[in-house]
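Asker: I am sharing run13.txt, which consists of compact mmCIF, C-alpha atoms:
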```
# COMPACT_ATOMS: atom_id res chain seq x y z
CA MET S 24 29.51 -55.15 5.10
CA GLU S 25 26.37 -54.18 7.02
CA ILE S 26 24.93 -50.88 8.22
CA ASN S 27 22.20 -50.94 10.86
CA LEU S 28 19.84 -48.11 9.93
CA LYS S 29 17.51 -48.91 12.86
CA ASN S 30 14.54 -48.15 10.64
CA ILE S 31 13.19 -49.43 7.34
CA ALA S 32 14.76 -47.82 4.25
CA PHE S 33 12.80 -47.23 1.05
CA ASP S 34 15.63 -46.18 -1.25
CA LEU S 35 19.41 -46.01 -1.53
CA ASP S 36 21.89 -44.35 -3.85
CA PHE S 37 25.67 -44.29 -4.17
CA HIS S 38 27.74 -41.15 -4.68
CA PRO S 39 28.92 -40.89 -8.31
CA SER S 40 32.63 -40.64 -7.43
CA ASN S 41 33.24 -41.06 -3.68
CA GLN S 42 32.71 -43.90 -1.23
CA LEU S 43 29.42 -42.60 0.09
CA VAL S 44 26.03 -44.28 0.21
CA ALA S 45 22.71 -42.64 1.09
CA ALA S 46 19.51 -44.17 2.45
CA GLY S 47 16.03 -42.64 2.71
CA LEU S 48 14.12 -43.95 5.73
CA ILE S 49 10.52 -44.53 6.71
CA THR S 50 10.99 -41.93 9.46
CA GLY S 51 11.68 -39.18 6.91
CA ASN S 52 15.39 -39.12 7.76
CA LEU S 53 18.19 -39.16 5.20
CA PHE S 54 21.39 -40.95 6.27
CA VAL S 55 24.71 -40.78 4.40
CA TYR S 56 27.55 -43.18 5.24
CA ARG S 57 31.18 -43.32 4.24
CA TYR S 58 32.39 -46.85 3.62
CA ALA S 59 35.80 -48.43 3.02
CA GLU S 60 37.03 -51.94 2.46
CA ASP S 61 39.13 -52.12 5.63
CA SER S 62 36.94 -50.26 8.11
CA GLU S 63 33.42 -50.04 9.49
CA PRO S 64 31.01 -47.69 7.68
CA LYS S 65 30.67 -44.31 9.40
CA ARG S 66 27.64 -42.06 9.25
CA VAL S 67 28.68 -38.65 8.01
CA LEU S 68 25.29 -37.01 7.56
CA LYS S 69 21.86 -37.20 9.18
CA VAL S 70 19.11 -34.94 7.88
CA ARG S 71 15.48 -34.72 8.95
CA ALA S 72 14.43 -34.40 5.33
CA HIS S 73 10.66 -34.89 5.49
CA GLY S 74 7.78 -35.01 7.94
CA GLU S 75 6.67 -38.25 6.33
CA SER S 76 8.71 -41.15 4.92
CA CYS S 77 11.60 -40.61 2.52
CA ARG S 78 10.68 -42.79 -0.46
CA ALA S 79 13.31 -41.67 -2.99
CA ALA S 80 16.93 -40.45 -2.85
CA ARG S 81 19.31 -39.47 -5.67
CA PHE S 82 22.68 -37.71 -5.83
CA ILE S 83 22.81 -34.86 -8.38
CA ASN S 84 25.25 -32.10 -9.38
CA GLU S 85 28.24 -34.48 -9.43
CA GLY S 86 27.36 -35.62 -5.93
CA ARG S 87 27.38 -32.19 -4.29
CA VAL S 88 23.62 -32.32 -3.66
CA ILE S 89 21.17 -35.10 -2.90
CA LEU S 90 17.46 -35.02 -3.71
CA THR S 91 14.81 -36.76 -1.63
CA GLY S 92 11.11 -37.29 -2.32
CA SER S 93 8.27 -38.03 0.09
CA PRO S 94 4.55 -38.70 0.53
CA ASP S 95 4.39 -35.11 1.83
CA CYS S 96 4.50 -34.20 -1.90
CA SER S 97 7.80 -32.36 -1.58
CA ILE S 98 11.28 -32.77 -3.03
CA LEU S 99 14.20 -31.55 -0.93
CA ALA S 100 17.69 -30.69 -2.20
CA THR S 101 20.37 -31.08 0.51
CA ASP S 102 24.01 -29.99 0.43
CA ILE S 103 26.17 -33.04 1.11
CA GLU S 104 29.01 -31.14 2.77
CA THR S 105 26.97 -29.09 5.21
CA GLY S 106 23.67 -30.97 5.44
CA SER S 107 21.88 -27.69 4.87
CA PRO S 108 18.78 -27.48 2.69
CA VAL S 109 19.55 -25.93 -0.68
CA ALA S 110 15.93 -25.77 -1.81
CA ARG S 111 12.62 -27.41 -1.08
CA LEU S 112 9.79 -27.77 -3.57
CA GLU S 113 6.43 -28.09 -1.90
CA ASN S 114 3.46 -29.58 -3.76
CA CYS S 115 5.63 -30.86 -6.60
CA HIS S 116 3.17 -33.70 -7.20
CA GLU S 117 -0.51 -34.01 -6.37
CA LYS S 118 0.27 -37.16 -4.40
CA ALA S 119 3.33 -38.86 -2.92
CA VAL S 120 6.68 -38.66 -4.69
CA ASN S 121 7.56 -42.30 -5.24
CA ARG S 122 10.61 -42.33 -7.54
CA LEU S 123 13.52 -40.10 -8.60
CA VAL S 124 15.93 -40.86 -11.45
CA ASN S 125 18.81 -38.96 -13.01
CA LEU S 126 18.43 -38.16 -16.70
CA THR S 127 21.33 -35.89 -17.70
CA GLU S 128 23.80 -33.72 -15.82
CA THR S 129 21.14 -31.04 -15.51
CA THR S 130 17.83 -32.89 -15.49
CA VAL S 131 16.06 -35.37 -13.22
CA ALA S 132 12.67 -37.05 -13.37
CA SER S 133 10.19 -37.68 -10.58
CA GLY S 134 7.29 -40.11 -10.46
CA GLY S 135 4.26 -39.61 -8.25
CA ASP S 136 1.50 -41.74 -6.81
CA GLU S 137 -1.03 -39.94 -9.01
CA GLY S 138 0.66 -41.50 -12.06
CA CYS S 139 2.38 -38.34 -13.25
CA ILE S 140 6.01 -38.19 -14.45
CA LYS S 141 7.75 -34.81 -14.28
CA VAL S 142 11.09 -33.63 -15.63
CA TRP S 143 13.04 -30.96 -13.75
CA ASP S 144 15.69 -28.75 -15.38
CA THR S 145 18.29 -27.53 -12.89
CA ARG S 146 19.52 -24.81 -15.27
CA GLN S 147 16.08 -23.29 -15.81
CA GLN S 148 15.26 -23.95 -12.15
CA THR S 149 11.80 -25.27 -12.92
CA CYS S 150 9.69 -28.21 -14.01
CA CYS S 151 10.23 -28.39 -17.76
CA ASN S 152 7.72 -31.10 -18.60
CA THR S 153 4.82 -33.08 -17.23
CA PHE S 154 3.64 -36.42 -18.58
CA GLN S 155 0.23 -37.30 -17.17
CA VAL S 156 0.40 -40.77 -18.63
CA HIS S 157 -0.60 -43.21 -15.87
CA GLU S 158 -3.56 -43.60 -13.54
CA GLU S 159 -1.73 -45.14 -10.59
CA TYR S 160 1.60 -44.74 -8.84
CA ILE S 161 4.90 -44.84 -10.74
CA THR S 162 6.78 -47.99 -9.75
CA ASP S 163 10.01 -47.41 -11.69
CA MET S 164 11.64 -45.37 -14.45
CA THR S 165 14.71 -45.67 -16.68
CA LEU S 166 16.25 -43.61 -19.48
CA GLU S 167 17.46 -44.69 -22.92
CA PRO S 168 20.06 -41.92 -23.36
CA ASP S 169 20.72 -42.18 -27.10
CA SER S 170 17.11 -41.62 -28.09
CA MET S 171 16.25 -39.64 -24.91
CA LYS S 172 13.24 -41.85 -24.23
CA LEU S 173 12.08 -42.12 -20.62
CA LEU S 174 10.39 -45.42 -19.82
CA GLY S 175 8.07 -45.72 -16.84
CA THR S 176 6.09 -48.51 -15.19
CA SER S 177 3.01 -48.06 -13.08
CA GLY S 178 0.57 -49.70 -10.72
CA ASP S 179 -2.07 -49.28 -13.43
CA GLY S 180 -0.50 -52.27 -15.21
CA THR S 181 1.12 -50.40 -18.10
CA LEU S 182 4.52 -49.36 -19.44
CA SER S 183 4.96 -45.89 -20.97
CA VAL S 184 7.56 -44.33 -23.26
CA CYS S 185 7.97 -40.55 -23.08
CA ASN S 186 9.99 -38.70 -25.72
CA LEU S 187 12.05 -36.06 -23.93
CA ARG S 188 13.01 -34.35 -27.20
CA SER S 189 9.48 -33.84 -28.47
CA ASN S 190 8.04 -33.63 -24.94
CA LYS S 191 5.27 -36.04 -25.86
CA VAL S 192 4.10 -39.47 -24.79
CA GLN S 193 5.45 -41.77 -27.50
CA THR S 194 3.49 -44.90 -26.67
CA GLN S 195 1.92 -46.90 -23.86
CA SER S 196 1.49 -50.63 -23.49
CA GLU S 197 -1.79 -52.44 -23.24
CA PHE S 198 -3.05 -53.09 -19.72
CA SER S 199 -1.58 -56.12 -17.98
CA GLU S 200 -3.05 -57.85 -14.96
CA ASP S 201 0.55 -58.49 -13.89
CA GLU S 202 1.61 -55.19 -12.35
CA PRO S 203 5.10 -54.07 -13.47
CA LEU S 204 7.32 -53.10 -10.54
CA SER S 205 10.79 -52.63 -12.07
CA ILE S 206 12.39 -51.98 -15.45
CA VAL S 207 15.77 -52.18 -17.21
CA ILE S 208 16.96 -51.80 -20.82
CA MET S 209 19.09 -54.65 -22.23
CA LYS S 210 20.86 -55.83 -25.40
CA ASN S 211 22.21 -52.38 -26.29
CA GLY S 212 18.75 -50.87 -26.30
CA ARG S 213 16.98 -53.62 -28.22
CA LYS S 214 15.16 -55.24 -25.30
CA VAL S 215 13.27 -53.96 -22.25
CA ILE S 216 12.72 -56.17 -19.19
CA CYS S 217 10.02 -55.57 -16.59
CA GLY S 218 9.84 -57.37 -13.25
CA THR S 219 6.28 -57.91 -12.06
CA GLU S 220 4.15 -58.57 -9.02
CA SER S 221 3.73 -62.25 -9.91
CA GLY S 222 7.48 -62.79 -10.36
CA THR S 223 7.16 -63.12 -14.13
CA MET S 224 9.60 -61.02 -16.13
CA LEU S 225 8.08 -59.40 -19.22
CA LEU S 226 10.34 -58.97 -22.26
CA TYR S 227 9.60 -56.23 -24.81
CA SER S 228 11.33 -55.59 -28.12
CA TRP S 229 12.28 -51.94 -28.51
CA GLY S 230 9.61 -50.09 -30.44
CA PHE S 231 6.96 -52.78 -29.96
CA PHE S 232 5.61 -51.91 -26.54
CA LYS S 233 1.93 -52.64 -26.95
CA ASP S 234 2.43 -56.17 -25.68
CA CYS S 235 5.42 -58.15 -24.45
CA SER S 236 7.15 -60.50 -26.87
CA ASP S 237 8.09 -63.07 -24.22
CA ARG S 238 7.69 -63.98 -20.56
CA PHE S 239 10.23 -65.48 -18.20
CA THR S 240 8.67 -67.18 -15.16
CA GLY S 241 11.76 -68.44 -13.36
CA LEU S 242 11.35 -66.14 -10.35
CA SER S 243 7.62 -66.77 -9.83
CA PRO S 244 5.73 -66.51 -7.54
CA ASN S 245 7.93 -63.92 -5.81
CA PRO S 246 7.39 -60.30 -6.89
CA VAL S 247 10.43 -58.76 -8.59
CA ASN S 248 10.65 -55.49 -6.67
CA THR S 249 13.90 -54.24 -8.16
CA LEU S 250 16.13 -54.93 -11.16
CA LEU S 251 19.72 -53.86 -11.74
CA LYS S 252 21.47 -54.32 -15.07
CA LEU S 253 24.79 -56.18 -14.74
CA ASP S 254 25.59 -56.33 -18.45
CA GLU S 255 23.71 -56.55 -21.73
CA GLU S 256 22.55 -60.13 -21.10
CA ARG S 257 22.20 -60.39 -17.29
CA VAL S 258 20.32 -58.58 -14.56
CA ILE S 259 20.40 -58.74 -10.77
CA ALA S 260 16.93 -59.14 -9.28
CA GLY S 261 15.71 -58.41 -5.76
CA THR S 262 12.56 -60.34 -4.86
CA GLU S 263 9.89 -60.52 -2.20
CA ASN S 264 11.40 -63.61 -0.56
CA GLY S 265 14.57 -61.71 0.39
CA LEU S 266 16.79 -63.27 -2.29
CA ILE S 267 19.15 -61.49 -4.66
CA SER S 268 19.53 -63.43 -7.89
CA LEU S 269 21.61 -63.22 -11.03
CA VAL S 270 19.28 -63.74 -13.97
CA GLY S 271 20.53 -64.53 -17.44
CA ILE S 272 17.70 -63.62 -19.76
CA LEU S 273 19.24 -63.12 -23.18
CA PRO S 274 20.06 -65.51 -24.71
CA ASN S 275 20.26 -68.03 -21.83
CA ARG S 276 17.41 -68.41 -19.32
CA ILE S 277 19.30 -69.11 -16.08
CA ILE S 278 18.78 -68.06 -12.45
CA GLN S 279 21.62 -68.04 -9.92
CA PRO S 280 20.75 -67.03 -6.35
CA ILE S 281 23.81 -65.06 -5.25
CA ALA S 282 22.79 -63.69 -1.84
CA GLU S 283 20.05 -63.68 0.75
CA HIS S 284 19.49 -60.26 2.26
CA SER S 285 16.95 -61.44 4.83
CA GLU S 286 13.58 -63.12 5.07
CA TYR S 287 11.95 -59.81 4.16
CA PRO S 288 11.43 -58.30 0.69
CA VAL S 289 14.40 -56.73 -1.09
CA GLU S 290 13.23 -53.20 -1.91
CA ARG S 291 16.16 -51.63 -3.80
CA LEU S 292 19.51 -52.53 -5.33
CA ALA S 293 22.29 -50.20 -6.49
CA PHE S 294 25.92 -50.34 -7.63
CA SER S 295 28.70 -48.27 -6.11
CA HIS S 296 30.36 -45.84 -8.52
CA ASP S 297 33.23 -48.26 -9.22
CA ARG S 298 30.87 -51.26 -9.34
CA LYS S 299 32.87 -52.94 -6.59
CA TYR S 300 29.89 -53.12 -4.24
CA LEU S 301 26.23 -53.99 -4.60
CA GLY S 302 23.98 -52.23 -2.12
CA SER S 303 20.69 -53.76 -0.97
CA ILE S 304 17.94 -52.69 1.42
CA SER S 305 15.05 -54.63 2.87
CA HIS S 306 12.49 -54.41 5.68
CA ASP S 307 15.07 -55.65 8.20
CA SER S 308 16.48 -52.09 8.57
CA ILE S 309 19.91 -53.24 7.38
CA LEU S 310 21.76 -51.71 4.43
CA LYS S 311 24.12 -54.37 3.09
CA LEU S 312 27.14 -53.81 0.86
CA TRP S 313 28.13 -56.93 -1.05
CA ASP S 314 31.44 -57.44 -2.81
CA ILE S 315 30.43 -57.99 -6.43
CA ASP S 316 33.36 -60.24 -7.34
CA SER S 317 32.68 -62.51 -4.37
CA LEU S 318 28.97 -62.73 -5.18
CA LEU S 319 29.60 -63.77 -8.75
CA GLN S 320 32.29 -66.29 -7.80
CA ASP S 321 30.19 -67.85 -5.03
CA SER S 322 26.88 -67.85 -6.90
CA GLY S 323 24.45 -70.59 -6.00
CA LYS S 324 22.87 -73.42 -7.87
CA LYS S 325 21.64 -72.70 -11.37
CA VAL S 326 17.91 -73.03 -11.96
CA GLU S 327 16.43 -73.33 -15.41
CA GLY S 328 13.89 -70.65 -16.22
CA LYS S 329 10.76 -70.98 -18.30
CA SER S 330 9.69 -69.05 -21.34
CA ASN S 331 6.03 -69.18 -22.26
CA ALA S 332 5.35 -66.73 -25.06
CA ASP S 333 6.26 -66.22 -28.68
CA SER S 334 9.89 -65.27 -28.31
CA ASP S 335 11.41 -63.11 -31.01
CA ASP S 336 14.96 -62.95 -32.28
CA ASP S 337 17.43 -60.86 -30.27
CA ASP S 338 18.45 -59.14 -33.50
CA ASP S 339 15.00 -57.68 -34.13
CA ASP S 340 15.04 -54.68 -36.41
CA MET S 341 14.77 -51.52 -34.33
CA ASP S 342 12.70 -49.73 -36.97
CA MET S 343 9.46 -49.58 -35.12
CA ASP S 344 5.98 -48.26 -34.68
CA MET S 345 6.87 -45.33 -32.45
CA ASP S 346 6.96 -42.52 -34.98
CA LYS S 347 3.45 -41.40 -34.12
CA ASP S 348 2.71 -39.76 -30.80
CA VAL S 349 -0.09 -41.26 -28.77
CA ASN S 350 -2.88 -38.93 -27.73
CA ILE S 351 -5.48 -41.46 -26.57
CA LEU S 352 -3.96 -43.76 -24.00
CA PRO S 353 -5.31 -47.04 -22.65
CA LYS S 354 -6.50 -46.72 -19.06
CA SER S 355 -7.34 -49.15 -16.32
CA SER S 356 -8.83 -49.13 -12.87
CA LYS S 357 -6.29 -51.48 -11.29
CA GLY S 358 -5.63 -50.63 -7.65
CA THR S 359 -2.31 -49.73 -6.08
CA LYS S 360 -0.22 -51.71 -3.63
CA ARG S 361 0.72 -48.61 -1.65
CA LYS S 362 -1.48 -46.13 0.06
CA ASN S 363 -1.52 -42.80 -1.73
CA ASN S 364 -0.80 -39.95 0.64
CA GLY S 365 -1.39 -36.27 0.12
CA GLY S 366 -4.22 -34.38 -1.49
CA ALA S 367 -4.49 -32.60 -4.80
CA LYS S 368 -2.13 -29.66 -4.67
CA GLY S 369 -0.77 -27.18 -7.18
CA LEU S 370 2.69 -26.32 -8.49
CA ASP S 371 2.83 -22.73 -7.26
CA ASN S 372 6.35 -23.07 -5.93
CA ALA S 373 7.82 -25.09 -8.79
CA SER S 374 9.90 -22.24 -10.19
CA ASN S 375 11.82 -21.88 -6.89
CA PHE S 376 12.99 -25.48 -6.55
CA PHE S 377 16.48 -25.24 -8.04
CA ALA S 378 16.93 -21.51 -7.50
CA ASP S 379 20.08 -21.91 -5.43
CA LEU S 380 21.64 -24.96 -7.09
```
Will you turn the file into structure tokens for me?
Answerer:
Amino acid sequence: MEINLKNIAFDLDFHPSNQLVAAGLITGNLFVYRYAEDSEPKRVLKVRAHGESCRAARFINEGRVILTGSPDCSILATDIETGSPVARLENCHEKAVNRLVNLTETTVASGGDEGCIKVWDTRQQTCCNTFQVHEEYITDMTLEPDSMKLLGTSGDGTLSVCNLRSNKVQTQSEFSEDEPLSIVIMKNGRKVICGTESGTMLLYSWGFFKDCSDRFTGLSPNPVNTLLKLDEERVIAGTENGLISLVGILPNRIIQPIAEHSEYPVERLAFSHDRKYLGSISHDSILKLWDIDSLLQDSGKKVEGKSNADSDDDDDDMDMDMDKDVNILPKSSKGTKRKNNGGAKGLDNASNFFADL
């Protein structure tokens, strides 16, 4: 199933309960489509969300509202039924808003090009925490819900762990020349996988984040722009060469190309709420919805991956070195892949963001 967006999309998200999919476009528009197995997708909402590109999009409030983030440094909340703006937060980051992720039913996190991660509480209608942990743009974020640890990756070549209960930076990895672009948590919270600019996948044991415990080079030299967890031992990877691959990392190192989106880089992947469809976007301006069962049944030739570091046991003890909060963080001067837009601006309007949600 294909949807011609007619412009490049930077992000996509599926509604948490209905057959709706949203895409944020380079033009600043937000499109929402209704899809069904036996009919063509139909656009049900078009919103001119931002004056600059729409880099991030996430459904919140049980799908009644969708958030979008932009290089114009704003986050917009839009009512899905009416398309009307619910609230707009100007100057929410000093530079472009690059990522949005859901944390709980009432909190979301945003990542900016200045390297800052912020947590927004919809009940208190304000920014409830700021983690100024990175020097360059936030490439990806994911939450470990049991421990309430928010993991982030950045163009500065590091991985960070922020404790949402203590509101402190728990730890930060050593600088890596191989810029992390994507992140998932595997093996029931015992392993963390980062996709990188070189195509190498970095494996970390939970609690030991200073340096990776293993490296998997099977996707090199194609940058791993996006990762999506299929189960506790397999991920779906979207890479710079336009391929979508099933990667078995733990315990078996196997790559199965399962789809080719286009000749252009795969930017984002997402599952529909029922996990029947896999959504993908690329620079070809097409949003594709793949039937998951068909992809897995028709997967391509298996390719053996390589491991070239001291691998540790999958049953590593989770008692770790994260009890102490980190106050002095390693920094680097590694450049970014994206141009940072927007100047240094304050948070004067932060308290009004969720006022009407």
Asker: Considering only C-alpha atoms, return as a PyMOL selection string whatever protein or nucleic-acid residues lie within 7 Å of range 267-272 of chain S, sequence-local ones (same chain, fewer than 6 positions apart) excluded.
Answerer: chain S and resi 256-261+278-283
Asker: Using all atoms listed in the file, which residues sit within 10 Å of Gly265 in chain S once same-chain residues fewer than 2 positions away are excluded, as a VMD selection string?
Answerer: chain S and resid 245 261 to 263 267 to 268 282 to 290 304 to 307
Asker: Here is a test: counting all atoms listed in the file, which residue of S:Glu255, S:Glu117, S:Asp34, S:Glu60 is nearest to Leu312 in chain S?
Answerer: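 Distance minimum relative to Leu312 in chain S lands on S:Glu60.
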Asker: Excluding Gly86 in chain S and any residue of its chain fewer than 5 positions from it, enumerate the residues within 12 Å of it, using only C-alpha atoms, and give them as an MDAnalysis selection string.
Answerer: chainID S and resid 36:45 55 80:81 100:104 125 128 296
Asker: Have a look at CA of Ile26 in chain S and CA of Val88 in chain S and let me know their distance in Å, one decimal.
Answerer: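 We find that CA of Ile26 in chain S and CA of Val88 in chain S lie 22.1 Å from each other.
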Asker: For each of S:Met24, S:Cys139, S:Ile98, S:Ala32, take the minimum atom-to-atom distance to Asp163 in chain S, counting all atoms listed in the file, then give the residue where this is smallest.
Answerer: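 The closest residue to Asp163 in chain S is S:Cys139.
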Asker: Around all the atoms of range 165-174 of chain S listed in the file, with 3 Å of room on each side, what axis-aligned box do you get, giving centre and edge lengths in Å to one decimal, as lines of an AutoDock Vina configuration file?
Answerer:
```
center_x = 15.6
center_y = -42.7
center_z = -22.4
size_x = 16.3
size_y = 12.0
size_z = 17.4
```
Asker: So, counting only C-alpha atoms, which residue among S:Met164, S:Leu310, S:Leu123, S:Leu251 is closest to Tyr58 in chain S?
Answerer: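 Nearest candidate to Tyr58 in chain S out of S:Met164, S:Leu310, S:Leu123, S:Leu251: S:Leu310.
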Asker: Any idea what's packed within 6 Å of range 242-244 of chain S, counting all atoms listed in the file, ignoring anything in its chain fewer than 6 positions away? Could you give it as a ChimeraX atom specification?
Answerer: /S:221-223
Asker: Between CA of His73 in chain S and CA of Tyr160 in chain S, measure the distance and give it in Å to one decimal.
Answerer: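 The value is 19.6 Å.
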Asker: So which residues fall inside 12 Å of (21.8, -53.3, -23.8) if we count all atoms listed in the file? Mind giving them as an MDAnalysis selection string?
Answerer: chainID S and resid 166:169 207:216 228:229 252:258 272:273 337:338
Asker: Please indicate the distance in Å from CA of Tyr56 in chain S to CA of Gly134 in chain S, rounded to one decimal place.
Answerer: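 So the two atoms, CA of Tyr56 in chain S and CA of Gly134 in chain S, lie 25.8 Å apart.
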Asker: Given only C-alpha atoms as the basis, pick out the residue of S:Glu25, S:Asp144, S:Asp61, S:Glu75 nearest to Gly47 in chain S.
Answerer: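 Among S:Glu25, S:Asp144, S:Asp61, S:Glu75, it is S:Glu75 that comes nearest to Gly47 in chain S.
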